[in-house]
Each structure stands twice: as C-alpha cells, then as structure tokens.
file protein-v5.cif (mmCIF, C-alpha atoms and all ligand atoms)
data_entry
#
loop_
_atom_site.group_PDB
_atom_site.id
_atom_site.type_symbol
_atom_site.label_atom_id
_atom_site.label_comp_id
_atom_site.auth_asym_id
_atom_site.auth_seq_id
_atom_site.Cartn_x
_atom_site.Cartn_y
_atom_site.Cartn_z
ATOM 1 C CA MET A 1 -122.531 -210.256 -111.666
ATOM 2 C CA SER A 2 -119.798 -209.082 -109.310
ATOM 3 C CA GLY A 3 -119.085 -212.480 -107.710
ATOM 4 C CA PRO A 4 -120.680 -215.814 -106.960
ATOM 5 C CA ARG A 5 -124.036 -215.810 -105.260
ATOM 6 C CA PRO A 6 -123.931 -216.494 -101.507
ATOM 7 C CA ILE A 7 -124.579 -220.044 -100.358
ATOM 8 C CA VAL A 8 -127.469 -220.061 -97.886
ATOM 9 C CA ILE A 9 -128.592 -222.826 -95.530
ATOM 10 C CA ALA A 10 -131.790 -221.981 -93.661
ATOM 11 C CA GLY A 11 -133.504 -224.157 -91.074
ATOM 12 C CA ASN A 12 -137.264 -224.040 -90.604
ATOM 13 C CA TRP A 13 -138.069 -225.424 -87.161
ATOM 14 C CA LYS A 14 -141.815 -225.248 -87.905
ATOM 15 C CA MET A 15 -143.957 -225.903 -84.783
ATOM 16 C CA HIS A 16 -141.174 -227.553 -82.793
ATOM 17 C CA THR A 17 -139.269 -226.523 -79.651
ATOM 18 C CA THR A 18 -140.348 -224.380 -76.698
ATOM 19 C CA PRO A 19 -138.808 -221.285 -75.096
ATOM 20 C CA ALA A 20 -137.367 -223.632 -72.460
ATOM 21 C CA ASP A 21 -135.361 -225.786 -74.886
ATOM 22 C CA ALA A 22 -134.894 -223.751 -78.083
ATOM 23 C CA GLY A 23 -131.864 -221.785 -76.881
ATOM 24 C CA GLU A 24 -129.983 -224.931 -75.962
ATOM 25 C CA LEU A 25 -130.720 -226.563 -79.314
ATOM 26 C CA ALA A 26 -129.655 -223.419 -81.158
ATOM 27 C CA ARG A 27 -126.393 -223.298 -79.188
ATOM 28 C CA THR A 28 -125.679 -226.957 -79.925
ATOM 29 C CA ILE A 29 -126.344 -226.514 -83.631
ATOM 30 C CA ALA A 30 -124.319 -223.295 -83.761
ATOM 31 C CA HIS A 31 -121.244 -225.107 -82.471
ATOM 32 C CA ARG A 32 -121.613 -227.674 -85.238
ATOM 33 C CA ILE A 33 -122.111 -225.205 -88.099
ATOM 34 C CA ALA A 34 -119.344 -222.691 -87.459
ATOM 35 C CA GLU A 35 -118.844 -222.186 -91.195
ATOM 36 C CA PRO A 36 -118.540 -218.489 -92.084
ATOM 37 C CA ASP A 37 -118.455 -219.189 -95.843
ATOM 38 C CA VAL A 38 -122.119 -220.173 -95.634
ATOM 39 C CA VAL A 39 -124.963 -217.804 -94.798
ATOM 40 C CA ARG A 40 -126.785 -219.646 -92.009
ATOM 41 C CA VAL A 41 -130.284 -218.871 -90.771
ATOM 42 C CA ILE A 42 -132.391 -220.554 -88.091
ATOM 43 C CA CYS A 43 -136.146 -219.923 -88.124
ATOM 44 C CA PRO A 44 -137.762 -221.045 -84.853
ATOM 45 C CA PRO A 45 -141.393 -220.487 -83.799
ATOM 46 C CA TYR A 46 -142.233 -216.898 -82.786
ATOM 47 C CA VAL A 47 -142.160 -217.673 -79.064
ATOM 48 C CA CYS A 48 -138.622 -219.043 -79.385
ATOM 49 C CA LEU A 49 -137.183 -216.108 -81.340
ATOM 50 C CA ALA A 50 -135.779 -214.335 -78.266
ATOM 51 C CA PRO A 51 -134.009 -217.339 -76.719
ATOM 52 C CA VAL A 52 -132.631 -218.376 -80.117
ATOM 53 C CA ARG A 53 -131.470 -214.822 -80.821
ATOM 54 C CA ASP A 54 -129.662 -214.791 -77.459
ATOM 55 C CA ALA A 55 -128.136 -218.220 -78.026
ATOM 56 C CA LEU A 56 -126.856 -217.249 -81.487
ATOM 57 C CA ALA A 57 -125.418 -213.867 -80.491
ATOM 58 C CA GLY A 58 -121.856 -213.604 -81.755
ATOM 59 C CA THR A 59 -122.040 -216.768 -83.883
ATOM 60 C CA GLY A 60 -122.778 -215.068 -87.221
ATOM 61 C CA ILE A 61 -125.906 -217.189 -87.585
ATOM 62 C CA ALA A 62 -129.034 -215.169 -88.358
ATOM 63 C CA VAL A 63 -132.509 -215.613 -86.909
ATOM 64 C CA GLY A 64 -135.595 -215.761 -89.102
ATOM 65 C CA ALA A 65 -139.336 -215.870 -88.536
ATOM 66 C CA GLN A 66 -141.597 -218.353 -90.309
ATOM 67 C CA ASN A 67 -144.290 -215.870 -91.327
ATOM 68 C CA ILE A 68 -145.582 -212.312 -90.938
ATOM 69 C CA HIS A 69 -148.996 -210.698 -91.296
ATOM 70 C CA HIS A 70 -149.751 -208.636 -94.386
ATOM 71 C CA GLU A 71 -150.724 -205.562 -92.350
ATOM 72 C CA LEU A 72 -148.467 -203.550 -90.073
ATOM 73 C CA ALA A 73 -150.920 -203.428 -87.133
ATOM 74 C CA GLY A 74 -154.622 -203.726 -86.434
ATOM 75 C CA ALA A 75 -157.422 -205.935 -85.178
ATOM 76 C CA TYR A 76 -155.891 -209.255 -86.201
ATOM 77 C CA THR A 77 -156.107 -211.518 -83.185
ATOM 78 C CA GLY A 78 -153.234 -213.904 -82.801
ATOM 79 C CA GLU A 79 -151.190 -212.457 -85.655
ATOM 80 C CA VAL A 80 -147.644 -211.063 -85.715
ATOM 81 C CA SER A 81 -146.655 -208.176 -87.960
ATOM 82 C CA ALA A 82 -143.320 -207.379 -89.561
ATOM 83 C CA PRO A 83 -142.451 -204.413 -87.290
ATOM 84 C CA MET A 84 -143.037 -206.589 -84.205
ATOM 85 C CA LEU A 85 -140.008 -208.662 -85.191
ATOM 86 C CA ALA A 86 -137.572 -205.772 -84.798
ATOM 87 C CA GLY A 87 -134.697 -206.952 -82.650
ATOM 88 C CA LEU A 88 -135.867 -210.552 -82.847
ATOM 89 C CA ALA A 89 -135.373 -211.633 -86.465
ATOM 90 C CA THR A 90 -133.663 -210.370 -89.597
ATOM 91 C CA TRP A 91 -135.074 -212.908 -92.073
ATOM 92 C CA VAL A 92 -138.547 -214.271 -92.765
ATOM 93 C CA ILE A 93 -139.927 -217.284 -94.634
ATOM 94 C CA LEU A 94 -142.889 -216.349 -96.850
ATOM 95 C CA GLY A 95 -145.363 -218.480 -98.765
ATOM 96 C CA HIS A 96 -144.335 -221.811 -97.273
ATOM 97 C CA SER A 97 -146.510 -224.559 -98.745
ATOM 98 C CA GLU A 98 -147.790 -225.491 -95.285
ATOM 99 C CA ARG A 99 -149.167 -221.957 -94.925
ATOM 100 C CA ARG A 100 -150.585 -222.020 -98.453
ATOM 101 C CA ARG A 101 -152.279 -225.312 -97.494
ATOM 102 C CA ASP A 102 -153.311 -224.645 -93.871
ATOM 103 C CA ALA A 103 -153.848 -220.885 -93.794
ATOM 104 C CA GLY A 104 -155.124 -220.521 -97.361
ATOM 105 C CA GLU A 105 -152.359 -218.117 -98.311
ATOM 106 C CA THR A 106 -152.688 -216.928 -101.889
ATOM 107 C CA ASP A 107 -150.010 -215.432 -104.115
ATOM 108 C CA GLU A 108 -151.740 -212.059 -103.722
ATOM 109 C CA LEU A 109 -151.527 -212.274 -99.923
ATOM 110 C CA ILE A 110 -147.919 -213.436 -100.094
ATOM 111 C CA ALA A 111 -147.137 -210.441 -102.319
ATOM 112 C CA ARG A 112 -148.471 -208.143 -99.586
ATOM 113 C CA LYS A 113 -146.404 -209.919 -96.935
ATOM 114 C CA LEU A 114 -143.368 -209.563 -99.140
ATOM 115 C CA GLY A 115 -143.976 -205.829 -99.302
ATOM 116 C CA ARG A 116 -144.111 -205.666 -95.496
ATOM 117 C CA ALA A 117 -140.881 -207.611 -95.174
ATOM 118 C CA LEU A 118 -139.132 -205.230 -97.576
ATOM 119 C CA GLU A 119 -140.567 -202.203 -95.759
ATOM 120 C CA VAL A 120 -139.040 -203.178 -92.421
ATOM 121 C CA GLY A 121 -135.841 -204.737 -93.770
ATOM 122 C CA LEU A 122 -136.598 -208.405 -93.122
ATOM 123 C CA ARG A 123 -134.798 -210.540 -95.696
ATOM 124 C CA PRO A 124 -137.425 -212.700 -97.429
ATOM 125 C CA ILE A 125 -137.151 -216.360 -98.361
ATOM 126 C CA LEU A 126 -140.023 -216.808 -100.801
ATOM 127 C CA CYS A 127 -141.135 -220.444 -101.102
ATOM 128 C CA VAL A 128 -142.550 -221.791 -104.353
ATOM 129 C CA GLY A 129 -143.202 -225.329 -105.536
ATOM 130 C CA GLU A 130 -145.587 -227.623 -107.326
ATOM 131 C CA GLN A 131 -147.873 -230.433 -106.150
ATOM 132 C CA LEU A 132 -147.151 -234.000 -107.242
ATOM 133 C CA VAL A 133 -150.032 -234.088 -109.720
ATOM 134 C CA GLU A 134 -148.696 -230.894 -111.284
ATOM 135 C CA ARG A 135 -145.251 -232.433 -111.694
ATOM 136 C CA ASP A 136 -146.713 -235.657 -113.084
ATOM 137 C CA THR A 137 -148.703 -233.716 -115.657
ATOM 138 C CA GLY A 138 -145.764 -231.587 -116.765
ATOM 139 C CA GLN A 139 -146.979 -228.360 -115.188
ATOM 140 C CA ALA A 140 -144.282 -227.833 -112.548
ATOM 141 C CA ALA A 141 -142.502 -224.956 -114.263
ATOM 142 C CA ALA A 142 -145.744 -223.173 -115.166
ATOM 143 C CA VAL A 143 -147.096 -223.475 -111.618
ATOM 144 C CA VAL A 144 -143.920 -222.070 -110.113
ATOM 145 C CA GLU A 145 -143.842 -219.291 -112.683
ATOM 146 C CA ASP A 146 -147.402 -218.310 -111.698
ATOM 147 C CA GLN A 147 -146.444 -218.313 -108.016
ATOM 148 C CA LEU A 148 -143.449 -216.094 -108.707
ATOM 149 C CA ARG A 149 -145.383 -213.677 -110.871
ATOM 150 C CA GLY A 150 -148.188 -213.554 -108.300
ATOM 151 C CA ALA A 151 -145.856 -212.773 -105.408
ATOM 152 C CA LEU A 152 -143.342 -210.509 -107.141
ATOM 153 C CA THR A 153 -145.429 -208.451 -109.565
ATOM 154 C CA GLY A 154 -146.110 -205.007 -108.148
ATOM 155 C CA HIS A 155 -142.800 -204.796 -106.354
ATOM 156 C CA GLU A 156 -139.993 -202.735 -107.803
ATOM 157 C CA PRO A 157 -137.435 -205.210 -109.185
ATOM 158 C CA GLU A 158 -134.637 -203.128 -107.647
ATOM 159 C CA ASP A 159 -136.331 -203.265 -104.231
ATOM 160 C CA LEU A 160 -136.511 -207.055 -104.398
ATOM 161 C CA VAL A 161 -132.790 -207.346 -105.035
ATOM 162 C CA ARG A 162 -131.909 -204.596 -102.554
ATOM 163 C CA GLY A 163 -134.039 -206.373 -99.941
ATOM 164 C CA GLY A 164 -132.012 -209.532 -100.404
ATOM 165 C CA LEU A 165 -134.719 -211.720 -101.934
ATOM 166 C CA VAL A 166 -134.034 -215.459 -101.768
ATOM 167 C CA ILE A 167 -136.224 -218.022 -103.558
ATOM 168 C CA ALA A 168 -136.702 -221.513 -102.120
ATOM 169 C CA TYR A 169 -137.852 -224.073 -104.661
ATOM 170 C CA GLU A 170 -139.735 -226.610 -102.568
ATOM 171 C CA PRO A 171 -141.719 -229.257 -104.442
ATOM 172 C CA VAL A 172 -144.659 -229.873 -102.129
ATOM 173 C CA TRP A 173 -144.475 -233.638 -102.583
ATOM 174 C CA ALA A 174 -140.935 -233.619 -101.178
ATOM 175 C CA ILE A 175 -141.597 -231.674 -97.981
ATOM 176 C CA GLY A 176 -141.463 -233.851 -94.894
ATOM 177 C CA THR A 177 -141.988 -236.997 -96.969
ATOM 178 C CA GLY A 178 -138.460 -238.367 -97.117
ATOM 179 C CA ARG A 179 -138.737 -238.208 -100.893
ATOM 180 C CA ASN A 180 -136.497 -235.587 -102.470
ATOM 181 C CA ALA A 181 -136.294 -234.193 -105.986
ATOM 182 C CA THR A 182 -133.188 -235.127 -107.940
ATOM 183 C CA GLY A 183 -130.481 -232.510 -108.148
ATOM 184 C CA ALA A 184 -130.949 -232.412 -111.914
ATOM 185 C CA ASP A 185 -134.716 -231.806 -111.667
ATOM 186 C CA ALA A 186 -134.222 -229.117 -109.032
ATOM 187 C CA ALA A 187 -131.620 -227.438 -111.248
ATOM 188 C CA VAL A 188 -134.047 -227.348 -114.177
ATOM 189 C CA MET A 189 -136.550 -225.622 -111.890
ATOM 190 C CA ALA A 190 -133.922 -223.187 -110.575
ATOM 191 C CA ASP A 191 -133.056 -222.230 -114.171
ATOM 192 C CA SER A 192 -136.724 -221.769 -114.941
ATOM 193 C CA ILE A 193 -137.107 -219.574 -111.810
ATOM 194 C CA ARG A 194 -134.223 -217.386 -112.986
ATOM 195 C CA GLY A 195 -135.873 -217.132 -116.399
ATOM 196 C CA THR A 196 -138.968 -215.721 -114.714
ATOM 197 C CA LEU A 197 -136.913 -213.327 -112.580
ATOM 198 C CA HIS A 198 -135.306 -212.096 -115.778
ATOM 199 C CA GLU A 199 -138.692 -211.592 -117.452
ATOM 200 C CA LEU A 200 -139.898 -209.693 -114.387
ATOM 201 C CA GLY A 201 -137.037 -207.272 -114.894
ATOM 202 C CA LEU A 202 -134.866 -208.009 -111.899
ATOM 203 C CA PRO A 203 -131.481 -206.302 -112.061
ATOM 204 C CA GLU A 204 -128.702 -208.382 -113.603
ATOM 205 C CA HIS A 205 -131.366 -210.706 -115.063
ATOM 206 C CA GLY A 206 -132.087 -212.089 -111.585
ATOM 207 C CA GLU A 207 -128.672 -213.726 -111.560
ATOM 208 C CA THR A 208 -127.830 -212.325 -108.121
ATOM 209 C CA VAL A 209 -130.877 -213.911 -106.427
ATOM 210 C CA PRO A 210 -130.001 -217.120 -104.546
ATOM 211 C CA VAL A 211 -132.254 -220.086 -105.347
ATOM 212 C CA LEU A 212 -132.379 -222.771 -102.660
ATOM 213 C CA TYR A 213 -133.736 -226.299 -102.768
ATOM 214 C CA GLY A 214 -136.097 -227.554 -100.056
ATOM 215 C CA GLY A 215 -137.770 -230.914 -99.531
ATOM 216 C CA SER A 216 -136.339 -233.771 -97.452
ATOM 217 C CA CYS A 217 -132.840 -232.392 -97.876
ATOM 218 C CA THR A 218 -130.344 -234.116 -95.583
ATOM 219 C CA ALA A 219 -126.624 -234.465 -94.975
ATOM 220 C CA ALA A 220 -126.749 -237.538 -97.206
ATOM 221 C CA ASN A 221 -128.242 -235.819 -100.262
ATOM 222 C CA ILE A 222 -127.140 -232.155 -99.962
ATOM 223 C CA GLY A 223 -124.194 -232.838 -102.280
ATOM 224 C CA GLU A 224 -126.546 -233.704 -105.120
ATOM 225 C CA PHE A 225 -128.001 -230.189 -104.916
ATOM 226 C CA MET A 226 -124.800 -228.310 -104.222
ATOM 227 C CA ASN A 227 -123.241 -229.911 -107.295
ATOM 228 C CA GLU A 228 -125.726 -227.980 -109.424
ATOM 229 C CA ALA A 229 -124.442 -224.541 -110.424
ATOM 230 C CA SER A 230 -127.905 -222.987 -110.323
ATOM 231 C CA ILE A 231 -128.675 -224.090 -106.740
ATOM 232 C CA ASP A 232 -127.316 -221.945 -103.950
ATOM 233 C CA GLY A 233 -128.165 -223.856 -100.788
ATOM 234 C CA ALA A 234 -131.127 -225.368 -99.001
ATOM 235 C CA LEU A 235 -134.137 -224.680 -96.833
ATOM 236 C CA ASP A 236 -134.352 -227.556 -94.386
ATOM 237 C CA GLY A 237 -137.236 -228.612 -92.186
ATOM 238 C CA GLY A 238 -136.827 -231.914 -90.355
ATOM 239 C CA ALA A 239 -133.045 -231.965 -90.696
ATOM 240 C CA SER A 240 -132.728 -228.473 -89.208
ATOM 241 C CA LEU A 241 -133.624 -229.774 -85.745
ATOM 242 C CA LYS A 242 -130.810 -232.359 -85.803
ATOM 243 C CA PRO A 243 -127.296 -231.107 -85.009
ATOM 244 C CA ASP A 244 -125.587 -233.975 -86.877
ATOM 245 C CA GLU A 245 -127.645 -233.347 -89.998
ATOM 246 C CA MET A 246 -127.025 -229.619 -89.876
ATOM 247 C CA ALA A 247 -123.298 -230.171 -89.424
ATOM 248 C CA GLY A 248 -123.222 -232.348 -92.540
ATOM 249 C CA ILE A 249 -125.388 -230.029 -94.616
ATOM 250 C CA VAL A 250 -123.555 -226.828 -93.747
ATOM 251 C CA GLY A 251 -120.155 -228.505 -94.020
ATOM 252 C CA ARG A 252 -120.950 -229.685 -97.536
ATOM 253 C CA ALA A 253 -122.362 -226.288 -98.460
ATOM 254 C CA GLY A 254 -119.109 -224.692 -97.311
ATOM 255 C CA VAL A 255 -117.161 -226.834 -99.782
ATOM 256 C CA THR A 256 -119.264 -225.443 -102.609
ATOM 257 C CA ALA A 257 -119.038 -221.879 -101.299
ATOM 258 C CA ARG A 258 -115.242 -222.022 -101.389
ATOM 259 C CA ALA A 259 -115.123 -223.776 -104.749
ATOM 260 C CA ARG A 260 -117.383 -221.208 -106.392
ATOM 261 C CA ARG A 261 -115.429 -218.349 -104.901
ATOM 262 C CA GLY A 262 -112.250 -219.978 -106.104
ATOM 263 C CA GLY A 263 -113.226 -219.813 -109.752
ATOM 264 C CA GLY A 264 -116.391 -221.638 -110.556
ATOM 265 C CA ALA A 265 -115.567 -225.293 -110.032
ATOM 266 C CA PHE A 266 -119.167 -226.236 -109.399
ATOM 267 C CA ARG A 267 -118.761 -229.966 -109.290
ATOM 268 C CA GLU A 268 -116.472 -230.842 -106.417
ATOM 269 C CA ALA A 269 -115.670 -234.473 -106.999
ATOM 270 C CA ALA A 270 -113.911 -234.843 -103.667
ATOM 271 C CA SER A 271 -116.982 -234.086 -101.648
ATOM 272 C CA ARG A 272 -119.595 -236.337 -103.208
HETATM 273 C C1 LIG A 301 -139.567 -227.186 -95.289
HETATM 274 O O1 LIG A 301 -140.417 -227.238 -94.422
HETATM 275 O O2 LIG A 301 -139.311 -226.102 -95.854
HETATM 276 C C2 LIG A 301 -138.857 -228.413 -95.618
HETATM 277 C C3 LIG A 301 -138.038 -228.400 -96.640
HETATM 278 O O3 LIG A 301 -139.122 -229.495 -94.835
HETATM 279 P P1 LIG A 301 -138.355 -230.915 -94.884
HETATM 280 O O4 LIG A 301 -136.893 -230.624 -94.993
HETATM 281 O O5 LIG A 301 -138.709 -231.575 -93.585
HETATM 282 O O6 LIG A 301 -138.866 -231.643 -96.066
#
call {"tool": "encode", "arguments": {"input": "protein-v5.cif", "output": "structure tokens"}}
result
Amino acid sequence: MSGPRPIVIAGNWKMHTTPADAGELARTIAHRIAEPDVVRVICPPYVCLAPVRDALAGTGIAVGAQNIHHELAGAYTGEVSAPMLAGLATWVILGHSERRRDAGETDELIARKLGRALEVGLRPILCVGEQLVERDTGQAAAVVEDQLRGALTGHEPEDLVRGGLVIAYEPVWAIGTGRNATGADAAVMADSIRGTLHELGLPEHGETVPVLYGGSCTAANIGEFMNEASIDGALDGGASLKPDEMAGIVGRAGVTARARRGGGAFREAASR
C-alpha cells in the first residue's frame, strides 16, 4: 500500500433538518471541523442537499446523499436516482440498516445501487452490520461476510477500489441506542471485513479500503475506535447533528490521521 488509508468522518443526518435550517447547521459544523487531515462528509436529506452544498462550498467538506435508486430513471414515484445527484452530492450511503429494515433493501438490491453509484462517480459508503441476536449467537462475522459478498460480488474489484469504496461496520444494535461496540470488537470485525475483501479479489488485498465504525459513536468514545489500526474513522448519526460532538470527533480523528501519516503510531496515548 502506498500510504496510510485516509481517515473519514461521515455524518448521516437521517430525516432531520429542513431546507430552511440545514445550511446554517452545516456552516456551524464546518467552522468546528476545519481539519483538512480528515476526509469529512455530511449527508443531509435530499431536500437539504442544495443548501448544504452551498454552505460547505470552499470548506473542503463533501456532501453525500443517504440513498439512491437502483435504476437510472423510470416510473418510480418518489425515488431519486444516481444521475439526479449530479452537482448536489459526491458521496452516497448505501445499505444503511434503517433502509434494510424499513425499505426491505436486500443485498442484491444494494449491489445494484452500488453499481449505479460507481457508474456516475458517487463515492459509496457501504453499510454492513449484524443484529444483536446474531452477535449473541456468534454469527456476527458470518452475517457481515454474507452482506459484503451479496453487495460486492458482480462488481469488478478494480472498479470498487477506483470508485473509492468505503465500508461502514455498523452493528445494528448500536445504532441510535447509546450502546456502542467496544473498539476491540469493532477491530475484530474490521479485520474480518478486510479478509472478505481480500477473498473477493480487491486490489492490494483490500488494504486500501477504509473501514469505518458506526453506532452511537460520540466525542467521548471516538478515541476507542481511532486507537484501533484497522478502523479508519466513523459514520455518525445522532452526533453528526451536534456541532460540539462533531468538533470532538473530527478533532480526535485528526490526531490519528497525523500519527498514521507520521509512521504508524496507531495508539496515541496523549489523546485518550
Ligand atoms: C448511523 O445512522 O449510521 C449511526 C451510526 O447512527 P448513530 O450514530 O445515531 O448510532
């Protein structure tokens, strides 16, 4: 691998904010996360993409969508396709557990969405993660492996890397619950994810693909994840709407970004 993987902090605003207030929130957060060593992405609702894009212009912070349709155009009332996001977003979250749960998204459907994202040059954050019962019965790694194989098989491994694939490991039981995985458990899952990427034939054994943690990640616990060499940042939900939380999360991520660039000191004692 040519250098350390980028550190990425992405915020998923879910179904919060309106076009009237999203720009102001984005501007406030942007001032607090002026940290160029970290790749920063804010993913507001579709209707807030334009005001957030305008608010973030010149800040170096990217805008992402929370979903796309699996077709490019057609009779799909209420849906938004990948090409429609041109000029509005450069990233997209795919396969979030709330969409798997509420919209019945399958791995096969997510694979098609991933293809659309790659076609139009949207950088995908593919979410995977197990349910609590699956963790409790020792199936977490197998479940996540199935999700990865289901979403990635059929795509050229080179295209996935060229398209900037990012994986977010998000245990479903940790999302929005205030209960987070331990850094050590998340690292085991990140290693397992990279094992699958390697088996799927991704260039450089999948080592260039950032793996993020998501699930009740906050300024108070981000250090636990950033201390793990196999974890490259976070996908945040609730915390991403709070400027103080985002400042703490991105600030801590920046410490790791500089340490890794400076020679692989992954455990930065000073910042715990
Ligand atoms: C998410 O929605 O991807 C997420 C991680 O949510 P939260 O941080 O609120 O658990």
call {"tool": "residues_around", "arguments": {"input": "protein-v5.cif", "residues": "stretch 28-31 of chain A", "least_positions_apart": "3", "cutoff": "12 Å", "atoms": "all atoms listed in the file", "output": "VMD selection string"}}
result
chain A and resid 11 21 to 25 34 to 36 40 to 42 52 to 63 239 to 250
call {"tool": "residues_near_ligand", "arguments": {"input": "protein-v5.cif", "ligand": "ligand LIG 301 (chain A)", "cutoff": "6 Å", "atoms": "all atoms listed in the file", "output": "list in words"}}
result
Asn12, Ala174, Ile175, Gly176, Gly214, Gly215, Ser216, Cys217, Leu235, Asp236, Gly237, Gly238 and Ala239 of chain A
call {"tool": "write_last_selection", "arguments": {"input": "protein-v5.cif", "atoms": "C-alpha atoms", "output": "tab-separated table (two decimals), keeping the file's coordinate frame"}}
result
chain	number	residue	atom	x	y	z
A	12	ASN	CA	-137.26	-224.04	-90.60
A	174	ALA	CA	-140.94	-233.62	-101.18
A	175	ILE	CA	-141.60	-231.67	-97.98
A	176	GLY	CA	-141.46	-233.85	-94.89
A	214	GLY	CA	-136.10	-227.55	-100.06
A	215	GLY	CA	-137.77	-230.91	-99.53
A	216	SER	CA	-136.34	-233.77	-97.45
A	217	CYS	CA	-132.84	-232.39	-97.88
A	235	LEU	CA	-134.14	-224.68	-96.83
A	236	ASP	CA	-134.35	-227.56	-94.39
A	237	GLY	CA	-137.24	-228.61	-92.19
A	238	GLY	CA	-136.83	-231.91	-90.36
A	239	ALA	CA	-133.04	-231.96	-90.70
call {"tool": "atom_distance", "arguments": {"input": "protein-v5.cif", "atom1": "atom CA of A:His155", "atom2": "atom CA of A:Gly129"}}
result
20.6 Å
call {"tool": "atom_distance", "arguments": {"input": "protein-v5.cif", "atom1": "atom CA of A:Gly95", "atom2": "atom CA of A:Pro51"}}
result
24.8 Å
call {"tool": "resolve_selection", "arguments": {"input": "protein-v5.cif", "expression": "the PyMOL selection byres (((chain A and resi 99-108) around 9) and not hetatm)", "output": "list in words"}}
result
Asn67, Leu94, Gly95, His96, Ser97, Glu98, Leu109, Ile110, Ala111, Arg112, Lys113, Asp146, Gln147, Leu148, Arg149, Gly150, Ala151 and Leu152 of chain A
call {"tool": "closest_residue", "arguments": {"input": "protein-v5.cif", "among": "A:Asp191, A:Leu85, A:Gly78, A:His69", "to": "A:Leu114", "atoms": "all atoms listed in the file"}}
result
A:His69
call {"tool": "closest_residue", "arguments": {"input": "protein-v5.cif", "among": "A:Leu49, A:Met84, A:Ile7, A:Ala186", "to": "A:Pro19", "atoms": "all atoms listed in the file"}}
result
A:Leu49
call {"tool": "residues_near_point", "arguments": {"input": "protein-v5.cif", "point": "(-128.4, -219.7, -106.7)", "cutoff": "6 Å", "atoms": "all atoms listed in the file", "output": "number ranges by chain"}}
result
A: 210-211, 230-232
call {"tool": "residues_around", "arguments": {"input": "protein-v5.cif", "residues": "A:Ala141", "least_positions_apart": "2", "cutoff": "12 Å", "atoms": "only C-alpha atoms", "output": "PyMOL selection string"}}
result
chain A and resi 128-131+134-139+143-148+169+171+185-196
call {"tool": "resolve_selection", "arguments": {"input": "protein-v5.cif", "expression": "the PyMOL selection byres (((chain A and resi 14) around 8) and not hetatm)", "output": "list in words"}}
result
Asn12, Trp13, Met15, His16, Cys43, Pro44, Pro45, Gln66 and Gly237 of chain A
call {"tool": "closest_residue", "arguments": {"input": "protein-v5.cif", "among": "A:Val39, A:Glu158, A:Thr177, A:Arg27", "to": "A:Ile9", "atoms": "all atoms listed in the file"}}
result
A:Val39
call {"tool": "atom_distance", "arguments": {"input": "protein-v5.cif", "atom1": "atom CA of A:Leu197", "atom2": "atom CA of A:Ala257"}}
result
22.8 Å
call {"tool": "closest_residue", "arguments": {"input": "protein-v5.cif", "among": "A:Glu156, A:Ala181, A:Val38, A:Glu228", "to": "A:Leu202", "atoms": "only C-alpha atoms"}}
result
A:Glu156
call {"tool": "axis_aligned_box", "arguments": {"input": "protein-v5.cif", "around": "stretch 189-205 of chain A", "padding_each_side": "4 Å", "output": "JSON"}}
result
{"center_x": -134.3, "center_y": -216.0, "center_z": -114.0, "size_x": 19.2, "size_y": 27.3, "size_z": 14.9}
call {"tool": "resolve_selection", "arguments": {"input": "protein-v5.cif", "expression": "the PyMOL selection byres (((chain A and resi 90) around 8) and not hetatm)", "output": "PyMOL selection string"}}
result
chain A and resi 62-65+85-89+91-92+121-123
call {"tool": "write_last_selection", "arguments": {"input": "protein-v5.cif", "atoms": "C-alpha atoms", "output": "PDB file, in the coordinates of the input"}}
result
ATOM      1  CA  ALA A  62    -129.034-215.169 -88.358  1.00  0.00           C
ATOM      2  CA  VAL A  63    -132.509-215.613 -86.909  1.00  0.00           C
ATOM      3  CA  GLY A  64    -135.595-215.761 -89.102  1.00  0.00           C
ATOM      4  CA  ALA A  65    -139.336-215.870 -88.536  1.00  0.00           C
ATOM      5  CA  LEU A  85    -140.008-208.662 -85.191  1.00  0.00           C
ATOM      6  CA  ALA A  86    -137.572-205.772 -84.798  1.00  0.00           C
ATOM      7  CA  GLY A  87    -134.697-206.952 -82.650  1.00  0.00           C
ATOM      8  CA  LEU A  88    -135.867-210.552 -82.847  1.00  0.00           C
ATOM      9  CA  ALA A  89    -135.373-211.633 -86.465  1.00  0.00           C
ATOM     10  CA  TRP A  91    -135.074-212.908 -92.073  1.00  0.00           C
ATOM     11  CA  VAL A  92    -138.547-214.271 -92.765  1.00  0.00           C
ATOM     12  CA  GLY A 121    -135.841-204.737 -93.770  1.00  0.00           C
ATOM     13  CA  LEU A 122    -136.598-208.405 -93.122  1.00  0.00           C
ATOM     14  CA  ARG A 123    -134.798-210.540 -95.696  1.00  0.00           C
TER      15      ARG A 123
END
call {"tool": "residues_near_point", "arguments": {"input": "protein-v5.cif", "point": "(-132.5, -238.9, -97.2)", "cutoff": "8 Å", "atoms": "only C-alpha atoms", "output": "count of residues only"}}
result
9
